[in-house]
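Data first, discussion second: the structure below is written as structure tokens.
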Amino acid sequence: MAVDKHNDNRDPSSAASEAFEWAAYNRPFLGERVSGDVAIAVPMETKLLVVLIDVLGHGAEANGLATQMADYVGKHPVAVPSTMIENLHKAFKGSRGAAAGCAVLDARTHRVVFAGVGNPNFRILSSSNSMALPVVDGIIGREIRTPREHSAQLLAKDLLIACSDGVAETFQVADYPQIFSHGVQSIVRSVVRRFGKDYDDASCIVVRRPKS
């Protein structure tokens, strides 16, 4: 069962909802009904918190932990990526573990700050370049190195695109030349359909500045 989530930018109290548009799509391991991946965006006044979590394994048990972790992020959002990662690690210590990436986008400056552990693939994608945001080794809930933050700028036509390792990380704009002209809902579904691996959970979340 695939899950497709998107924002409709109807929250007038949130500058982040005005400054960014986003969508997420999640497709389970072939033959499974639920996924151990989760990708969410949480508007926080002038900031947008984006978190992608890939729980180890797949199926119902992985999905249960992914759901708990997503609920935790929704109830305890933090606009500092390294702190959000560390809080997840502490809250789920002793669990089966997960890889995760966290990006915070500023609605005023369009600056992106990122921290990640494990193998989430966060990139700033432009028509001429693909910049990967670095992660540190470890497994959330088991053992992690101290998360390190990295920053980048999200320009008017750029995409912040985050995928679990169930999506081939090597795809480039040339493999999907329509990516910048498609809507965010179309992008996330197309990325998973084109580049997702059948025998892994596959998820994608995309954020961009609204087209003028």
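For the structure tokens, the naming scheme is as follows: chains receive sequential letters (A, B, ...) according to their order of presentation, residues are indexed from 1 within each chain, and ligands are indexed from 1 in presentation order.
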
Exercise. Any chance you could list, as a PyMOL selection string, the residues in stretch 90-191 of chain A that come up strand (DSSP E or B) when DSSP is run on the backbone?
Key: chain A and resi 98-106+111-117+121-125+130-132+136+138-140+143-144+150-153+159-163+167

Residue subset to file, keeping N, CA and C atoms, as a compact mmCIF listing (two decimals), in the first residue's frame:
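Once written, out-v2.txt looks like this:
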# COMPACT_ATOMS: atom_id res chain seq x y z
N ALA A 98 17.37 2.67 13.12
CA ALA A 98 16.96 3.33 11.89
C ALA A 98 18.06 4.25 11.39
N ALA A 99 18.02 4.51 10.10
CA ALA A 99 18.78 5.61 9.51
C ALA A 99 17.83 6.79 9.41
N ALA A 100 18.36 8.00 9.49
CA ALA A 100 17.48 9.17 9.41
C ALA A 100 18.25 10.39 8.96
N GLY A 101 17.55 11.27 8.26
CA GLY A 101 18.08 12.57 7.89
C GLY A 101 17.09 13.64 8.28
N CYS A 102 17.62 14.80 8.65
CA CYS A 102 16.77 15.90 9.09
C CYS A 102 17.27 17.19 8.45
N ALA A 103 16.38 17.90 7.78
CA ALA A 103 16.71 19.19 7.19
C ALA A 103 15.75 20.24 7.73
N VAL A 104 16.27 21.43 8.00
CA VAL A 104 15.45 22.57 8.41
C VAL A 104 15.64 23.67 7.39
N LEU A 105 14.53 24.12 6.81
CA LEU A 105 14.56 25.16 5.80
C LEU A 105 13.99 26.45 6.38
N ASP A 106 14.69 27.56 6.16
CA ASP A 106 14.28 28.86 6.68
C ASP A 106 13.44 29.58 5.62
N ARG A 111 17.62 29.16 3.44
CA ARG A 111 18.80 28.39 3.81
C ARG A 111 18.36 27.02 4.31
N VAL A 112 19.11 25.98 3.95
CA VAL A 112 18.85 24.61 4.38
C VAL A 112 19.97 24.18 5.31
N VAL A 113 19.62 23.69 6.50
CA VAL A 113 20.60 23.11 7.41
C VAL A 113 20.23 21.64 7.59
N PHE A 114 21.22 20.77 7.50
CA PHE A 114 20.97 19.33 7.46
C PHE A 114 21.90 18.57 8.38
N ALA A 115 21.38 17.49 8.95
CA ALA A 115 22.20 16.49 9.66
C ALA A 115 21.58 15.12 9.41
N GLY A 116 22.41 14.11 9.28
CA GLY A 116 21.89 12.78 9.02
C GLY A 116 22.80 11.69 9.55
N VAL A 117 22.19 10.53 9.81
CA VAL A 117 22.91 9.37 10.31
C VAL A 117 22.53 8.16 9.45
N ASN A 121 19.56 9.70 1.68
CA ASN A 121 20.15 10.44 0.57
C ASN A 121 19.41 11.76 0.42
N PHE A 122 20.00 12.83 0.97
CA PHE A 122 19.46 14.19 0.83
C PHE A 122 20.32 14.95 -0.17
N ARG A 123 19.67 15.57 -1.15
CA ARG A 123 20.40 16.32 -2.16
C ARG A 123 19.71 17.64 -2.48
N ILE A 124 20.51 18.64 -2.85
CA ILE A 124 19.99 19.84 -3.48
C ILE A 124 20.21 19.65 -4.97
N LEU A 125 19.12 19.62 -5.71
CA LEU A 125 19.18 19.31 -7.13
C LEU A 125 18.88 20.57 -7.93
N SER A 130 24.14 18.45 -8.74
CA SER A 130 23.51 17.66 -7.69
C SER A 130 24.46 17.65 -6.50
N MET A 131 24.05 18.28 -5.39
CA MET A 131 24.91 18.37 -4.22
C MET A 131 24.37 17.50 -3.11
N ALA A 132 25.12 16.45 -2.77
CA ALA A 132 24.72 15.55 -1.69
C ALA A 132 25.06 16.19 -0.34
N VAL A 136 26.71 11.08 8.86
CA VAL A 136 27.71 10.38 9.66
C VAL A 136 27.27 8.92 9.82
N GLY A 138 26.34 5.35 11.68
CA GLY A 138 25.62 4.97 12.87
C GLY A 138 24.22 4.48 12.61
N ILE A 139 23.57 4.04 13.67
CA ILE A 139 22.18 3.58 13.62
C ILE A 139 21.44 4.22 14.78
N ILE A 140 20.45 5.01 14.47
CA ILE A 140 19.66 5.66 15.52
C ILE A 140 19.00 4.59 16.38
N GLU A 143 23.78 3.01 18.08
CA GLU A 143 25.00 3.79 18.30
C GLU A 143 25.19 4.74 17.13
N ILE A 144 25.47 6.01 17.43
CA ILE A 144 25.69 6.99 16.37
C ILE A 144 26.91 7.84 16.71
N HIS A 150 25.35 20.62 8.14
CA HIS A 150 25.84 21.21 6.90
C HIS A 150 24.76 22.13 6.36
N SER A 151 25.16 23.20 5.72
CA SER A 151 24.17 24.15 5.21
C SER A 151 24.34 24.37 3.72
N ALA A 152 23.24 24.75 3.09
CA ALA A 152 23.22 25.04 1.66
C ALA A 152 22.09 26.03 1.41
N GLN A 153 22.06 26.56 0.21
CA GLN A 153 21.01 27.51 -0.16
C GLN A 153 20.07 26.84 -1.16
N LEU A 159 15.53 21.93 -6.11
CA LEU A 159 14.73 20.97 -5.35
C LEU A 159 15.58 20.43 -4.21
N LEU A 160 14.98 20.34 -3.02
CA LEU A 160 15.54 19.50 -1.97
C LEU A 160 14.86 18.16 -2.11
N ILE A 161 15.62 17.13 -2.40
CA ILE A 161 15.04 15.81 -2.62
C ILE A 161 15.72 14.81 -1.68
N ALA A 162 14.91 14.10 -0.92
CA ALA A 162 15.42 13.14 0.05
C ALA A 162 14.80 11.77 -0.23
N CYS A 163 15.64 10.74 -0.24
CA CYS A 163 15.18 9.38 -0.53
C CYS A 163 15.80 8.40 0.46
N VAL A 167 15.70 3.74 -2.96
CA VAL A 167 15.72 4.48 -4.23
C VAL A 167 17.17 4.62 -4.67

Self-check item: Non-local contacts of A:Asp200 (9 Å; only C-alpha atoms; under 2 positions in same chain excluded) as a VMD selection string
Solution: chain A and resid 27 to 30 35 57 to 58 165 to 167 196 to 198 202

Self-check item: Selection near stretch 203-207 of chain A, 7 Å with only C-alpha atoms, sequence-local residues under 2 positions removed, as a PyMOL selection string
Solution: chain A and resi 20-27+37+39+159-164+184+188+192+201

Dump of C-alpha atoms for the selected residues, as a tab-separated table (two decimals), in the first residue's frame:
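What ended up in out00.tsv:
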chain	number	residue	atom	x	y	z
A	20	PHE	CA	7.74	26.09	0.44
A	21	GLU	CA	5.70	23.37	-1.20
A	22	TRP	CA	6.35	19.70	-0.54
A	23	ALA	CA	5.13	16.17	-1.06
A	24	ALA	CA	6.10	12.71	0.17
A	25	TYR	CA	5.50	9.24	-1.26
A	26	ASN	CA	6.22	5.85	0.29
A	27	ARG	CA	6.04	2.42	-1.37
A	37	ASP	CA	10.15	4.15	5.82
A	39	ALA	CA	9.01	10.93	5.36
A	159	LEU	CA	14.73	20.97	-5.35
A	160	LEU	CA	15.54	19.50	-1.97
A	161	ILE	CA	15.04	15.81	-2.62
A	162	ALA	CA	15.42	13.14	0.05
A	163	CYS	CA	15.18	9.38	-0.53
A	164	SER	CA	15.65	6.22	1.48
A	184	VAL	CA	5.87	17.98	-6.29
A	188	VAL	CA	7.90	11.97	-5.63
A	192	VAL	CA	9.97	6.03	-6.63
A	201	ASP	CA	10.91	-0.02	1.09

Quiz prompt | Nearest residue to A:Pro120 from the set A:Val73, A:Ala66, A:Ala156, A:Val51 (distances using only C-alpha atoms) | solution =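 Among the listed residues, the smallest separation from A:Pro120 belongs to A:Val51.
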
Self-check item: helix (DSSP H, G or I) residues, from DSSP on the backbone, in stretch 63-181 of chain A, as a ChimeraX atom specification
Solution: /A:63-75,81-91,173-175

Self-check item: Polymer residues at most 9 Å from A:Leu49, only C-alpha atoms, same-chain spacing of 3 or more positions, as a PyMOL selection string
Solution: chain A and resi 40-44+77-81+102-105

Practice problem: Find the residues around A:Thr46 up to 9 Å (only C-alpha atoms counted), leave out those fewer than 6 positions away in its own chain, and share them as a ChimeraX atom specification. | Solution: /A:14-17,19,105-108

Requested write-out: C-alpha atoms of the selected residues, as an mmCIF file, in the first residue's frame:
data_model
loop_
_atom_site.group_PDB
_atom_site.id
_atom_site.type_symbol
_atom_site.label_atom_id
_atom_site.label_comp_id
_atom_site.auth_asym_id
_atom_site.auth_seq_id
_atom_site.Cartn_x
_atom_site.Cartn_y
_atom_site.Cartn_z
ATOM 1 C CA SER A 14 2.816 29.442 9.059
ATOM 2 C CA ALA A 15 5.362 31.323 6.964
ATOM 3 C CA ALA A 16 6.893 27.971 6.035
ATOM 4 C CA SER A 17 3.659 26.907 4.348
ATOM 5 C CA ALA A 19 7.552 29.766 1.433
ATOM 6 C CA LEU A 105 14.557 25.162 5.795
ATOM 7 C CA ASP A 106 14.276 28.855 6.675
ATOM 8 C CA ALA A 107 11.300 30.600 5.052
ATOM 9 C CA ARG A 108 13.014 34.001 5.122
#

Quiz item: A:Met69: which residues within 10 Å, counting only C-alpha atoms, same-chain residues fewer than 3 positions away excluded, as a list in words?
Solution: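 Close residues of A:Met69: Val38, Ile53, Val55, Asn63, Gly64, Leu65, Ala66, Tyr72, Val73, Gly74, Lys75, Leu88, His89, Ala91, Phe92 and Ala98 of chain A.
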
Quiz prompt | Separation of atom CA of A:Lys211 from atom CA of A:Ser181, in Å and rounded to one decimal | solution = 9.8 Å

Quiz item: Closest to A:Arg145 among A:Arg209, A:Ser82, A:Asp4, A:Ala60, using only C-alpha atoms?
Solution: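 Residue with the minimum atom-to-atom distance to A:Arg145: A:Ser82.
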
Self-check item: Residue with smallest distance to A:Met84 - pool A:Glu18, A:His110, A:Leu133, A:Thr146, counting only C-alpha atoms
Solution: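 Of all the options, A:Thr146 lies closest to A:Met84.
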
Self-check item: Point-to-point distance from atom CA of A:Arg194 to atom CA of A:Pro177, Å rounded to tenths
Solution: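 For atom CA of A:Arg194 relative to atom CA of A:Pro177, the distance reads 12.3 Å.
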
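By chain and then residue number, the residues within 7 Å of stretch 93-96 of chain A are Leu56, His89, Gly141 and Arg142 of chain A, counting only C-alpha atoms and disregarding those fewer than 4 positions away in sequence.
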
Using all heavy atoms, can you export the residues from the last selection as a JSON list (two decimals), in the first residue's frame?
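In the end it all went to result-v3.json:
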[["chain", "number", "residue", "atom", "x", "y", "z"],
["A", 56, "LEU", "N", 15.41, -0.20, 10.12],
["A", 56, "LEU", "CA", 16.05, -1.42, 9.66],
["A", 56, "LEU", "C", 15.01, -2.51, 9.42],
["A", 56, "LEU", "O", 14.09, -2.70, 10.23],
["A", 56, "LEU", "CB", 17.08, -1.90, 10.67],
["A", 56, "LEU", "CG", 18.50, -1.35, 10.53],
["A", 56, "LEU", "CD1", 18.54, 0.16, 10.68],
["A", 56, "LEU", "CD2", 19.44, -2.00, 11.56],
["A", 89, "HIS", "N", 17.48, 9.55, 18.70],
["A", 89, "HIS", "CA", 18.37, 8.48, 19.16],
["A", 89, "HIS", "C", 18.10, 8.15, 20.62],
["A", 89, "HIS", "O", 17.99, 6.97, 21.01],
["A", 89, "HIS", "CB", 19.82, 8.91, 18.97],
["A", 89, "HIS", "CG", 20.83, 7.93, 19.44],
["A", 89, "HIS", "ND1", 20.90, 6.64, 18.96],
["A", 89, "HIS", "CD2", 21.83, 8.04, 20.37],
["A", 89, "HIS", "CE1", 21.89, 5.99, 19.55],
["A", 89, "HIS", "NE2", 22.47, 6.82, 20.41],
["A", 141, "GLY", "N", 19.12, 4.75, 17.70],
["A", 141, "GLY", "CA", 18.59, 3.77, 18.63],
["A", 141, "GLY", "C", 19.62, 2.75, 19.09],
["A", 141, "GLY", "O", 19.39, 2.04, 20.08],
["A", 142, "ARG", "N", 20.75, 2.71, 18.39],
["A", 142, "ARG", "CA", 21.82, 1.79, 18.77],
["A", 142, "ARG", "C", 23.09, 2.58, 19.10],
["A", 142, "ARG", "O", 23.42, 2.79, 20.26],
["A", 142, "ARG", "CB", 22.07, 0.76, 17.67],
["A", 142, "ARG", "CG", 20.88, -0.15, 17.42],
["A", 142, "ARG", "CD", 21.24, -1.26, 16.45],
["A", 142, "ARG", "NE", 20.09, -2.10, 16.13],
["A", 142, "ARG", "CZ", 20.13, -3.14, 15.31],
["A", 142, "ARG", "NH1", 21.27, -3.49, 14.73],
["A", 142, "ARG", "NH2", 19.05, -3.84, 15.06]]
